[in-house]
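Source file query09.cif; content: mmCIF, C-alpha atoms and all ligand atoms.
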```cif
data_final
loop_
_atom_site.group_PDB
_atom_site.id
_atom_site.type_symbol
_atom_site.label_atom_id
_atom_site.label_comp_id
_atom_site.auth_asym_id
_atom_site.auth_seq_id
_atom_site.Cartn_x
_atom_site.Cartn_y
_atom_site.Cartn_z
ATOM 1 C CA MET A 1 -170.913 -50.136 -90.299
ATOM 2 C CA ARG A 2 -168.637 -50.904 -93.255
ATOM 3 C CA LEU A 3 -167.282 -47.808 -94.920
ATOM 4 C CA LEU A 4 -164.743 -46.751 -97.498
ATOM 5 C CA PHE A 5 -163.055 -43.374 -97.661
ATOM 6 C CA MET A 6 -162.087 -42.178 -101.104
ATOM 7 C CA GLY A 7 -160.586 -38.948 -102.343
ATOM 8 C CA PRO A 8 -157.403 -37.533 -103.804
ATOM 9 C CA PRO A 9 -154.162 -37.418 -101.786
ATOM 10 C CA GLY A 10 -154.557 -34.688 -99.186
ATOM 11 C CA ALA A 11 -158.368 -34.778 -99.121
ATOM 12 C CA GLY A 12 -158.343 -35.798 -95.457
ATOM 13 C CA LYS A 13 -159.114 -39.512 -95.788
ATOM 14 C CA GLY A 14 -156.731 -40.567 -93.056
ATOM 15 C CA THR A 15 -157.775 -37.693 -90.804
ATOM 16 C CA GLN A 16 -161.490 -38.374 -91.108
ATOM 17 C CA ALA A 17 -161.243 -42.173 -91.181
ATOM 18 C CA GLU A 18 -159.410 -42.131 -87.848
ATOM 19 C CA MET A 19 -162.046 -39.885 -86.304
ATOM 20 C CA LEU A 20 -164.930 -41.982 -87.595
ATOM 21 C CA SER A 21 -163.423 -45.322 -86.619
ATOM 22 C CA GLY A 22 -163.199 -43.987 -83.052
ATOM 23 C CA LYS A 23 -166.803 -42.784 -83.076
ATOM 24 C CA LEU A 24 -168.145 -46.028 -84.559
ATOM 25 C CA ASP A 25 -165.764 -48.230 -82.538
ATOM 26 C CA VAL A 26 -164.595 -50.204 -85.579
ATOM 27 C CA PRO A 27 -161.008 -50.513 -86.865
ATOM 28 C CA GLN A 28 -159.527 -48.045 -89.343
ATOM 29 C CA ILE A 29 -157.655 -49.908 -92.049
ATOM 30 C CA SER A 30 -155.344 -47.589 -93.975
ATOM 31 C CA THR A 31 -153.349 -49.283 -96.715
ATOM 32 C CA GLY A 32 -150.947 -46.322 -96.739
ATOM 33 C CA ASP A 33 -150.344 -46.664 -92.977
ATOM 34 C CA ILE A 34 -149.805 -50.435 -93.257
ATOM 35 C CA PHE A 35 -147.254 -49.873 -96.035
ATOM 36 C CA ARG A 36 -145.471 -47.153 -94.029
ATOM 37 C CA THR A 37 -145.321 -49.406 -90.935
ATOM 38 C CA ASN A 38 -143.771 -52.146 -93.046
ATOM 39 C CA VAL A 39 -141.277 -49.693 -94.548
ATOM 40 C CA SER A 40 -140.183 -48.536 -91.090
ATOM 41 C CA GLN A 41 -139.862 -52.156 -89.894
ATOM 42 C CA GLY A 42 -137.821 -53.076 -92.967
ATOM 43 C CA THR A 43 -140.033 -56.046 -93.922
ATOM 44 C CA GLU A 44 -140.048 -57.552 -97.405
ATOM 45 C CA LEU A 45 -143.487 -56.016 -98.007
ATOM 46 C CA GLY A 46 -142.076 -52.662 -96.908
ATOM 47 C CA ARG A 47 -139.126 -52.916 -99.285
ATOM 48 C CA THR A 48 -141.472 -53.723 -102.171
ATOM 49 C CA ALA A 49 -143.924 -50.936 -101.291
ATOM 50 C CA GLN A 50 -141.263 -48.275 -100.778
ATOM 51 C CA ARG A 51 -140.079 -48.399 -104.373
ATOM 52 C CA TYR A 52 -143.546 -47.447 -105.589
ATOM 53 C CA MET A 53 -144.478 -45.014 -102.826
ATOM 54 C CA ASP A 54 -141.291 -42.984 -103.270
ATOM 55 C CA GLU A 55 -142.263 -42.421 -106.912
ATOM 56 C CA GLY A 56 -145.901 -41.609 -106.089
ATOM 57 C CA GLU A 57 -147.018 -44.765 -107.911
ATOM 58 C CA TYR A 58 -149.511 -47.316 -106.632
ATOM 59 C CA VAL A 59 -148.153 -50.476 -105.086
ATOM 60 C CA PRO A 60 -149.077 -53.379 -107.451
ATOM 61 C CA ASP A 61 -152.597 -54.738 -107.039
ATOM 62 C CA GLU A 62 -151.534 -58.288 -106.215
ATOM 63 C CA VAL A 63 -149.454 -57.052 -103.267
ATOM 64 C CA THR A 64 -152.111 -54.657 -101.978
ATOM 65 C CA ASN A 65 -155.032 -57.045 -102.461
ATOM 66 C CA GLU A 66 -153.311 -59.849 -100.573
ATOM 67 C CA MET A 67 -152.522 -57.499 -97.701
ATOM 68 C CA VAL A 68 -156.146 -56.293 -97.429
ATOM 69 C CA ARG A 69 -157.510 -59.834 -97.738
ATOM 70 C CA ASN A 70 -155.397 -60.878 -94.741
ATOM 71 C CA ARG A 71 -156.364 -57.807 -92.732
ATOM 72 C CA LEU A 72 -160.108 -58.245 -93.340
ATOM 73 C CA ALA A 73 -159.855 -61.887 -92.241
ATOM 74 C CA GLU A 74 -158.961 -60.714 -88.713
ATOM 75 C CA SER A 75 -161.801 -60.995 -86.215
ATOM 76 C CA ASP A 76 -161.819 -57.336 -85.135
ATOM 77 C CA THR A 77 -163.483 -56.469 -88.461
ATOM 78 C CA ASN A 78 -166.537 -58.663 -87.782
ATOM 79 C CA LEU A 79 -168.693 -55.733 -86.710
ATOM 80 C CA GLY A 80 -167.372 -53.291 -89.267
ATOM 81 C CA PHE A 81 -164.409 -51.280 -90.502
ATOM 82 C CA VAL A 82 -163.384 -48.010 -92.056
ATOM 83 C CA LEU A 83 -161.199 -48.687 -95.092
ATOM 84 C CA ASP A 84 -159.031 -45.691 -95.920
ATOM 85 C CA GLY A 85 -157.271 -45.487 -99.283
ATOM 86 C CA TYR A 86 -158.484 -48.832 -100.633
ATOM 87 C CA PRO A 87 -159.702 -49.658 -103.255
ATOM 88 C CA ARG A 88 -157.813 -47.410 -105.672
ATOM 89 C CA THR A 89 -158.049 -49.403 -108.920
ATOM 90 C CA VAL A 90 -160.750 -51.367 -110.753
ATOM 91 C CA ASP A 91 -158.905 -54.578 -109.918
ATOM 92 C CA GLN A 92 -158.986 -53.666 -106.220
ATOM 93 C CA VAL A 93 -162.745 -52.963 -106.398
ATOM 94 C CA GLU A 94 -163.303 -56.434 -107.870
ATOM 95 C CA THR A 95 -161.090 -58.039 -105.233
ATOM 96 C CA LEU A 96 -162.896 -56.249 -102.422
ATOM 97 C CA ASP A 97 -166.249 -57.343 -103.872
ATOM 98 C CA GLY A 98 -165.011 -60.936 -103.782
ATOM 99 C CA ILE A 99 -163.663 -60.708 -100.229
ATOM 100 C CA LEU A 100 -166.903 -59.199 -98.915
ATOM 101 C CA ALA A 101 -169.023 -61.754 -100.769
ATOM 102 C CA GLU A 102 -167.005 -64.581 -99.195
ATOM 103 C CA LEU A 103 -167.503 -63.024 -95.774
ATOM 104 C CA GLY A 104 -171.218 -62.432 -96.422
ATOM 105 C CA GLN A 105 -170.726 -58.698 -95.866
ATOM 106 C CA ALA A 106 -171.686 -55.558 -97.792
ATOM 107 C CA LEU A 107 -170.588 -51.923 -97.774
ATOM 108 C CA ASP A 108 -172.911 -49.441 -96.095
ATOM 109 C CA ALA A 109 -171.385 -46.365 -97.703
ATOM 110 C CA VAL A 110 -168.472 -45.010 -99.712
ATOM 111 C CA VAL A 111 -167.512 -41.524 -98.548
ATOM 112 C CA SER A 112 -165.908 -39.377 -101.229
ATOM 113 C CA LEU A 113 -164.123 -36.285 -99.897
ATOM 114 C CA ALA A 114 -164.134 -33.478 -102.454
ATOM 115 C CA VAL A 115 -161.335 -30.868 -102.264
ATOM 116 C CA ASP A 116 -159.950 -28.705 -105.073
ATOM 117 C CA SER A 117 -156.454 -29.379 -106.314
ATOM 118 C CA GLU A 118 -154.746 -26.165 -105.134
ATOM 119 C CA GLU A 119 -155.895 -26.813 -101.565
ATOM 120 C CA LEU A 120 -154.699 -30.439 -101.822
ATOM 121 C CA ILE A 121 -151.223 -29.396 -102.883
ATOM 122 C CA ALA A 122 -151.080 -26.717 -100.158
ATOM 123 C CA ARG A 123 -152.067 -29.240 -97.457
ATOM 124 C CA LEU A 124 -149.517 -31.808 -98.543
ATOM 125 C CA LEU A 125 -146.728 -29.236 -98.849
ATOM 126 C CA LYS A 126 -147.576 -28.115 -95.327
ATOM 127 C CA ARG A 127 -147.399 -31.720 -94.111
ATOM 128 C CA ALA A 128 -144.129 -32.149 -96.015
ATOM 129 C CA ARG A 129 -142.451 -29.699 -93.652
ATOM 130 C CA THR A 130 -143.037 -32.043 -90.698
ATOM 131 C CA SER A 131 -143.831 -35.550 -91.932
ATOM 132 C CA GLY A 132 -140.523 -36.760 -93.290
ATOM 133 C CA ARG A 133 -142.567 -38.734 -95.824
ATOM 134 C CA SER A 134 -140.533 -39.435 -98.929
ATOM 135 C CA ASP A 135 -143.657 -38.992 -101.107
ATOM 136 C CA ASP A 136 -144.421 -35.493 -99.795
ATOM 137 C CA THR A 137 -142.155 -33.578 -102.199
ATOM 138 C CA GLU A 138 -143.836 -31.195 -104.642
ATOM 139 C CA GLU A 139 -142.963 -33.265 -107.702
ATOM 140 C CA VAL A 140 -144.201 -36.520 -106.198
ATOM 141 C CA ILE A 141 -147.312 -34.834 -104.746
ATOM 142 C CA ARG A 142 -148.262 -33.597 -108.235
ATOM 143 C CA HIS A 143 -147.672 -37.039 -109.693
ATOM 144 C CA ARG A 144 -149.853 -38.644 -106.991
ATOM 145 C CA GLN A 145 -152.687 -36.297 -107.977
ATOM 146 C CA GLU A 146 -152.353 -37.402 -111.630
ATOM 147 C CA VAL A 147 -152.330 -41.080 -110.716
ATOM 148 C CA TYR A 148 -155.444 -40.523 -108.615
ATOM 149 C CA LEU A 149 -157.313 -38.773 -111.452
ATOM 150 C CA GLU A 150 -156.351 -41.456 -113.930
ATOM 151 C CA GLN A 151 -156.836 -44.627 -111.888
ATOM 152 C CA THR A 152 -159.023 -43.876 -108.867
ATOM 153 C CA ALA A 153 -161.440 -41.035 -109.702
ATOM 154 C CA PRO A 154 -163.312 -43.270 -112.217
ATOM 155 C CA LEU A 155 -164.166 -45.677 -109.372
ATOM 156 C CA LEU A 156 -166.547 -43.114 -107.893
ATOM 157 C CA GLU A 157 -168.901 -43.772 -110.789
ATOM 158 C CA ILE A 158 -168.991 -47.493 -109.956
ATOM 159 C CA TYR A 159 -170.079 -46.808 -106.388
ATOM 160 C CA ALA A 160 -172.509 -44.084 -107.483
ATOM 161 C CA GLU A 161 -174.239 -46.600 -109.739
ATOM 162 C CA ARG A 162 -174.528 -48.988 -106.798
ATOM 163 C CA GLY A 163 -176.232 -46.236 -104.793
ATOM 164 C CA VAL A 164 -173.711 -46.211 -101.919
ATOM 165 C CA LEU A 165 -171.677 -43.098 -102.771
ATOM 166 C CA VAL A 166 -171.863 -40.187 -100.333
ATOM 167 C CA THR A 167 -169.964 -37.089 -101.508
ATOM 168 C CA VAL A 168 -168.919 -34.649 -98.795
ATOM 169 C CA ASP A 169 -167.253 -31.229 -99.118
ATOM 170 C CA GLY A 170 -163.805 -31.708 -97.558
ATOM 171 C CA LEU A 171 -162.973 -28.002 -97.327
ATOM 172 C CA GLY A 172 -162.906 -26.244 -93.980
ATOM 173 C CA GLU A 173 -162.059 -27.167 -90.405
ATOM 174 C CA VAL A 174 -161.478 -30.852 -89.659
ATOM 175 C CA ASP A 175 -164.347 -30.904 -87.110
ATOM 176 C CA ASP A 176 -166.755 -29.285 -89.575
ATOM 177 C CA VAL A 177 -165.906 -31.869 -92.239
ATOM 178 C CA ALA A 178 -166.443 -34.622 -89.645
ATOM 179 C CA GLU A 179 -169.897 -33.195 -88.794
ATOM 180 C CA ARG A 180 -170.812 -33.179 -92.485
ATOM 181 C CA ILE A 181 -169.765 -36.807 -92.878
ATOM 182 C CA LEU A 182 -171.789 -37.948 -89.874
ATOM 183 C CA ALA A 183 -174.830 -36.019 -91.089
ATOM 184 C CA ALA A 184 -174.580 -37.627 -94.529
ATOM 185 C CA LEU A 185 -174.089 -41.244 -93.426
ATOM 186 C CA PRO A 186 -176.970 -43.696 -93.323
ATOM 187 C CA GLY A 187 -177.806 -45.203 -89.928
ATOM 188 C CA THR A 188 -175.649 -43.019 -87.673
ATOM 189 C CA GLY A 189 -178.700 -41.441 -86.134
ATOM 190 C CA GLN A 190 -177.925 -38.203 -87.910
ATOM 191 C CA GLY A 191 -178.035 -39.264 -91.536
HETATM 192 P P1 LIG B 201 -151.989 -42.742 -98.408
HETATM 193 O O1 LIG B 201 -151.353 -43.017 -97.107
HETATM 194 O O2 LIG B 201 -153.418 -43.155 -98.543
HETATM 195 O O3 LIG B 201 -151.760 -41.185 -98.656
HETATM 196 P P2 LIG B 201 -152.664 -40.034 -99.237
HETATM 197 O O4 LIG B 201 -153.483 -40.458 -100.400
HETATM 198 O O5 LIG B 201 -151.722 -38.898 -99.451
HETATM 199 O O6 LIG B 201 -153.705 -39.664 -98.138
HETATM 200 P P3 LIG B 201 -153.482 -39.342 -96.612
HETATM 201 O O7 LIG B 201 -154.483 -40.177 -95.883
HETATM 202 O O8 LIG B 201 -152.096 -39.456 -96.176
HETATM 203 O O9 LIG B 201 -153.768 -37.821 -96.505
HETATM 204 P P4 LIG B 201 -155.008 -37.120 -95.959
HETATM 205 O O10 LIG B 201 -155.816 -36.963 -97.167
HETATM 206 O O11 LIG B 201 -155.669 -37.720 -94.758
HETATM 207 O O12 LIG B 201 -151.165 -43.394 -99.594
HETATM 208 C C1 LIG B 201 -149.762 -43.188 -99.725
HETATM 209 C C2 LIG B 201 -149.183 -44.103 -100.805
HETATM 210 O O13 LIG B 201 -149.356 -45.501 -100.416
HETATM 211 C C3 LIG B 201 -149.831 -44.030 -102.191
HETATM 212 O O14 LIG B 201 -149.318 -42.974 -102.970
HETATM 213 C C4 LIG B 201 -149.459 -45.437 -102.764
HETATM 214 O O15 LIG B 201 -148.123 -45.491 -103.193
HETATM 215 C C5 LIG B 201 -149.591 -46.334 -101.539
HETATM 216 N N1 LIG B 201 -150.941 -46.915 -101.451
HETATM 217 C C6 LIG B 201 -151.837 -46.687 -100.453
HETATM 218 N N2 LIG B 201 -152.987 -47.360 -100.683
HETATM 219 C C7 LIG B 201 -152.818 -48.023 -101.858
HETATM 220 C C8 LIG B 201 -153.648 -48.868 -102.651
HETATM 221 N N3 LIG B 201 -154.905 -49.176 -102.279
HETATM 222 N N4 LIG B 201 -153.140 -49.383 -103.801
HETATM 223 C C9 LIG B 201 -151.894 -49.111 -104.183
HETATM 224 N N5 LIG B 201 -151.061 -48.302 -103.503
HETATM 225 C C10 LIG B 201 -151.508 -47.755 -102.344
HETATM 226 O O16 LIG B 201 -154.411 -35.749 -95.325
HETATM 227 C C11 LIG B 201 -153.419 -35.004 -95.915
HETATM 228 C C12 LIG B 201 -153.042 -33.782 -95.067
HETATM 229 O O17 LIG B 201 -154.114 -32.861 -95.020
HETATM 230 C C13 LIG B 201 -152.687 -34.086 -93.618
HETATM 231 O O18 LIG B 201 -151.526 -33.361 -93.292
HETATM 232 C C14 LIG B 201 -153.860 -33.568 -92.815
HETATM 233 O O19 LIG B 201 -153.486 -33.107 -91.538
HETATM 234 C C15 LIG B 201 -154.348 -32.435 -93.674
HETATM 235 N N6 LIG B 201 -155.778 -32.205 -93.523
HETATM 236 C C16 LIG B 201 -156.744 -33.148 -93.428
HETATM 237 N N7 LIG B 201 -157.960 -32.571 -93.324
HETATM 238 C C17 LIG B 201 -157.753 -31.206 -93.386
HETATM 239 C C18 LIG B 201 -158.628 -30.066 -93.352
HETATM 240 N N8 LIG B 201 -159.955 -30.192 -93.237
HETATM 241 N N9 LIG B 201 -158.064 -28.837 -93.468
HETATM 242 C C19 LIG B 201 -156.715 -28.691 -93.589
HETATM 243 N N10 LIG B 201 -155.840 -29.738 -93.612
HETATM 244 C C20 LIG B 201 -156.365 -30.981 -93.519
#
```
Would you mind writing the file out in structure tokens?
Ligand code: B4P
Amino acid sequence: MRLLFMGPPGAGKGTQAEMLSGKLDVPQISTGDIFRTNVSQGTELGRTAQRYMDEGEYVPDEVTNEMVRNRLAESDTNLGFVLDGYPRTVDQVETLDGILAELGQALDAVVSLAVDSEELIARLLKRARTSGRSDDTEEVIRHRQEVYLEQTAPLLEIYAERGVLVTVDGLGEVDDVAERILAALPGTGQG
């Protein structure tokens, strides 16, 4: 199963992608997590990414695309993956199309988590109290929502036209959202 998770910051992508990757026994690939790991290890990639993440901006496509290309070339993705937070721009969609074509693979579904903006802000402000993430301040959280609406929300239309978009209500308990996702997915025995 090859899946993408899309949705605004705070929609629960990371939360649900982790759960689903465990259930499907395929790796979760979170571009945000890979950037944060690099930041904490002080790598060159981390230093580059931090400048953008701190401002709530996207890390440049060439950096992000190269990182995902390398990750998808690893053998643990042969049987599938859950990509969380990638692609986020039209350029990234095109790059992912190219990578998958080279590998002879195709996406089974793109899960879009729908959550209204007040709930998103509330969730991220709650996380801000414990996460220590430099992009979880109110000002940066609001900017991340704008960047999402401008650059990433239009991508949903691309995947809808391809017939792979599955939109799931992301409001409610984490386990209830997970049940909804499983019920909506093709080929999980419940979809
Ligand atoms: P991400 O790490 O993807 O951060 P995010 O969009 O805020 O989503 P996240 O996964 O953390 O939150 P989630 O919705 O799961 O990206 C961070 C930054 O990295 C970006 O701003 C950008 O700079 C950079 N980046 C990443 N990918 C990139 C790309 N492709 N191109 C360029 N730059 C990129 O959860 C949020 C909170 O809600 C959590 O605290 C969770 O516990 C809570 N929650 C989840 N489900 C809930 C529920 N049902 N009810 C209540 N709370 C819930």
### Message
Give me, as number ranges by chain, all polymer residues having an atom no more than 12 Å from region 34-51 of chain A, counting all atoms listed in the file and skipping those fewer than 5 positions away in the same chain.
### Response
A: 28-29, 56-64, 66-68, 70-71, 83-86, 131-135
### Task
Taking the file above as input, evaluate the PyMOL selection byres (((chain A and resi 100-111) around 7) and not hetatm) and report the hits as a ChimeraX atom specification.
/A:1-6,96-99,112-113,164-167
### Message
Which residues are near ligand LIG 201 (chain B) - at most 7 Å, using all atoms listed in the file? Format: as an MDAnalysis selection string.
### Response
chainID A and resid 8:16 30:33 35 52:53 56:61 64 84:88 123:124 126:127 144 170:174 177
### Query
In Å, how far is it from CA of Phe81 (chain A) to CA of Thr95 (chain A)?
16.5 Å
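CA of Asp175 (chain A) sits 22.1 Å away from CA of Ala128 (chain A).
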### Query
Quick one: of A:Leu149, A:Leu72, A:Ala122, A:Leu79, who's nearest to Val26 (chain A), counting only C-alpha atoms?
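Closest to Val26 (chain A) of all the choices is A:Leu79.
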Extending 3 Å beyond the listed atoms of region 39-55 of chain A on each side, what axis-aligned box results? I want centre and edge lengths in Å to one decimal, as JSON.
```
{"center_x": -141.1, "center_y": -50.0, "center_z": -98.4, "size_x": 12.7, "size_y": 21.1, "size_z": 23.0}
```
### Query
Which one is closest to Asp116 (chain A): A:Gly80, A:Gly22, A:Gly163, A:Gly7? Count all atoms listed in the file.
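That would be A:Gly7, the residue with the smallest distance to Asp116 (chain A).
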### Task
Figure out the distance between CA of Ala184 (chain A) and CA of Leu156 (chain A), please, to one decimal in Å.
16.5 Å
### Query
So, counting only C-alpha atoms, which residue among A:Leu125, A:Asp136, A:Ser21, A:Leu155 is closest to Thr89 (chain A)?
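Closest to Thr89 (chain A), using only C-alpha atoms: A:Leu155.
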### Message
With distances taken over only C-alpha atoms, which residue among A:Leu185, A:Arg180, A:Met19, A:Asp54 lies nearest Thr137 (chain A)?
### Response
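Closest residue, counting only C-alpha atoms: A:Asp54.
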How would region 91-114 of chain A read, as a PDB file, keeping the file's coordinate frame, once N, CA, C and O atoms are built in?
```
ATOM      1  N   ASP A  91    -159.254 -53.243-110.400  1.00  0.00           N
ATOM      2  CA  ASP A  91    -158.905 -54.578-109.918  1.00  0.00           C
ATOM      3  C   ASP A  91    -159.130 -54.692-108.406  1.00  0.00           C
ATOM      4  O   ASP A  91    -159.617 -55.706-107.907  1.00  0.00           O
ATOM      5  N   GLN A  92    -158.786 -53.636-107.675  1.00  0.00           N
ATOM      6  CA  GLN A  92    -158.986 -53.666-106.220  1.00  0.00           C
ATOM      7  C   GLN A  92    -160.471 -53.661-105.863  1.00  0.00           C
ATOM      8  O   GLN A  92    -160.883 -54.298-104.892  1.00  0.00           O
ATOM      9  N   VAL A  93    -161.292 -52.947-106.641  1.00  0.00           N
ATOM     10  CA  VAL A  93    -162.745 -52.963-106.398  1.00  0.00           C
ATOM     11  C   VAL A  93    -163.259 -54.392-106.545  1.00  0.00           C
ATOM     12  O   VAL A  93    -164.015 -54.902-105.708  1.00  0.00           O
ATOM     13  N   GLU A  94    -162.831 -55.069-107.616  1.00  0.00           N
ATOM     14  CA  GLU A  94    -163.303 -56.434-107.870  1.00  0.00           C
ATOM     15  C   GLU A  94    -162.843 -57.377-106.764  1.00  0.00           C
ATOM     16  O   GLU A  94    -163.586 -58.247-106.320  1.00  0.00           O
ATOM     17  N   THR A  95    -161.594 -57.182-106.320  1.00  0.00           N
ATOM     18  CA  THR A  95    -161.090 -58.039-105.233  1.00  0.00           C
ATOM     19  C   THR A  95    -161.882 -57.811-103.960  1.00  0.00           C
ATOM     20  O   THR A  95    -162.287 -58.761-103.278  1.00  0.00           O
ATOM     21  N   LEU A  96    -162.132 -56.546-103.644  1.00  0.00           N
ATOM     22  CA  LEU A  96    -162.896 -56.249-102.422  1.00  0.00           C
ATOM     23  C   LEU A  96    -164.303 -56.834-102.523  1.00  0.00           C
ATOM     24  O   LEU A  96    -164.812 -57.394-101.549  1.00  0.00           O
ATOM     25  N   ASP A  97    -164.920 -56.735-103.687  1.00  0.00           N
ATOM     26  CA  ASP A  97    -166.249 -57.343-103.872  1.00  0.00           C
ATOM     27  C   ASP A  97    -166.190 -58.828-103.527  1.00  0.00           C
ATOM     28  O   ASP A  97    -167.075 -59.354-102.852  1.00  0.00           O
ATOM     29  N   GLY A  98    -165.152 -59.500-104.017  1.00  0.00           N
ATOM     30  CA  GLY A  98    -165.011 -60.936-103.782  1.00  0.00           C
ATOM     31  C   GLY A  98    -164.799 -61.254-102.306  1.00  0.00           C
ATOM     32  O   GLY A  98    -165.413 -62.178-101.761  1.00  0.00           O
ATOM     33  N   ILE A  99    -163.941 -60.473-101.655  1.00  0.00           N
ATOM     34  CA  ILE A  99    -163.663 -60.708-100.229  1.00  0.00           C
ATOM     35  C   ILE A  99    -164.956 -60.541 -99.423  1.00  0.00           C
ATOM     36  O   ILE A  99    -165.307 -61.379 -98.591  1.00  0.00           O
ATOM     37  N   LEU A 100    -165.690 -59.469 -99.700  1.00  0.00           N
ATOM     38  CA  LEU A 100    -166.903 -59.199 -98.915  1.00  0.00           C
ATOM     39  C   LEU A 100    -167.971 -60.258 -99.194  1.00  0.00           C
ATOM     40  O   LEU A 100    -168.691 -60.680 -98.281  1.00  0.00           O
ATOM     41  N   ALA A 101    -168.049 -60.710-100.448  1.00  0.00           N
ATOM     42  CA  ALA A 101    -169.023 -61.754-100.769  1.00  0.00           C
ATOM     43  C   ALA A 101    -168.696 -63.031 -99.996  1.00  0.00           C
ATOM     44  O   ALA A 101    -169.581 -63.682 -99.427  1.00  0.00           O
ATOM     45  N   GLU A 102    -167.413 -63.370 -99.947  1.00  0.00           N
ATOM     46  CA  GLU A 102    -167.005 -64.581 -99.195  1.00  0.00           C
ATOM     47  C   GLU A 102    -167.349 -64.454 -97.719  1.00  0.00           C
ATOM     48  O   GLU A 102    -167.709 -65.431 -97.065  1.00  0.00           O
ATOM     49  N   LEU A 103    -167.231 -63.238 -97.199  1.00  0.00           N
ATOM     50  CA  LEU A 103    -167.503 -63.024 -95.774  1.00  0.00           C
ATOM     51  C   LEU A 103    -168.988 -62.779 -95.511  1.00  0.00           C
ATOM     52  O   LEU A 103    -169.413 -62.644 -94.364  1.00  0.00           O
ATOM     53  N   GLY A 104    -169.783 -62.705 -96.578  1.00  0.00           N
ATOM     54  CA  GLY A 104    -171.218 -62.432 -96.422  1.00  0.00           C
ATOM     55  C   GLY A 104    -171.476 -61.014 -95.927  1.00  0.00           C
ATOM     56  O   GLY A 104    -172.429 -60.759 -95.194  1.00  0.00           O
ATOM     57  N   GLN A 105    -170.604 -60.089 -96.327  1.00  0.00           N
ATOM     58  CA  GLN A 105    -170.726 -58.698 -95.866  1.00  0.00           C
ATOM     59  C   GLN A 105    -170.991 -57.767 -97.047  1.00  0.00           C
ATOM     60  O   GLN A 105    -170.752 -58.132 -98.194  1.00  0.00           O
ATOM     61  N   ALA A 106    -171.473 -56.558 -96.742  1.00  0.00           N
ATOM     62  CA  ALA A 106    -171.686 -55.558 -97.792  1.00  0.00           C
ATOM     63  C   ALA A 106    -171.289 -54.192 -97.266  1.00  0.00           C
ATOM     64  O   ALA A 106    -171.288 -53.958 -96.057  1.00  0.00           O
ATOM     65  N   LEU A 107    -170.946 -53.290 -98.172  1.00  0.00           N
ATOM     66  CA  LEU A 107    -170.588 -51.923 -97.774  1.00  0.00           C
ATOM     67  C   LEU A 107    -171.851 -51.130 -97.469  1.00  0.00           C
ATOM     68  O   LEU A 107    -172.847 -51.237 -98.182  1.00  0.00           O
ATOM     69  N   ASP A 108    -171.783 -50.322 -96.411  1.00  0.00           N
ATOM     70  CA  ASP A 108    -172.911 -49.441 -96.095  1.00  0.00           C
ATOM     71  C   ASP A 108    -172.792 -48.125 -96.847  1.00  0.00           C
ATOM     72  O   ASP A 108    -173.793 -47.548 -97.252  1.00  0.00           O
ATOM     73  N   ALA A 109    -171.566 -47.643 -97.001  1.00  0.00           N
ATOM     74  CA  ALA A 109    -171.385 -46.365 -97.703  1.00  0.00           C
ATOM     75  C   ALA A 109    -169.944 -46.196 -98.158  1.00  0.00           C
ATOM     76  O   ALA A 109    -169.019 -46.755 -97.569  1.00  0.00           O
ATOM     77  N   VAL A 110    -169.790 -45.411 -99.218  1.00  0.00           N
ATOM     78  CA  VAL A 110    -168.472 -45.010 -99.712  1.00  0.00           C
ATOM     79  C   VAL A 110    -168.439 -43.488 -99.616  1.00  0.00           C
ATOM     80  O   VAL A 110    -169.230 -42.802-100.271  1.00  0.00           O
ATOM     81  N   VAL A 111    -167.578 -42.972 -98.753  1.00  0.00           N
ATOM     82  CA  VAL A 111    -167.512 -41.524 -98.548  1.00  0.00           C
ATOM     83  C   VAL A 111    -166.436 -40.944 -99.460  1.00  0.00           C
ATOM     84  O   VAL A 111    -165.263 -41.319 -99.365  1.00  0.00           O
ATOM     85  N   SER A 112    -166.849 -40.058-100.351  1.00  0.00           N
ATOM     86  CA  SER A 112    -165.908 -39.377-101.229  1.00  0.00           C
ATOM     87  C   SER A 112    -165.700 -37.964-100.700  1.00  0.00           C
ATOM     88  O   SER A 112    -166.650 -37.195-100.553  1.00  0.00           O
ATOM     89  N   LEU A 113    -164.439 -37.631-100.391  1.00  0.00           N
ATOM     90  CA  LEU A 113    -164.123 -36.285 -99.897  1.00  0.00           C
ATOM     91  C   LEU A 113    -163.686 -35.422-101.073  1.00  0.00           C
ATOM     92  O   LEU A 113    -162.715 -35.745-101.756  1.00  0.00           O
ATOM     93  N   ALA A 114    -164.417 -34.350-101.308  1.00  0.00           N
ATOM     94  CA  ALA A 114    -164.134 -33.478-102.454  1.00  0.00           C
ATOM     95  C   ALA A 114    -163.364 -32.239-102.001  1.00  0.00           C
ATOM     96  O   ALA A 114    -163.816 -31.507-101.114  1.00  0.00           O
TER      97      ALA A 114
END
```
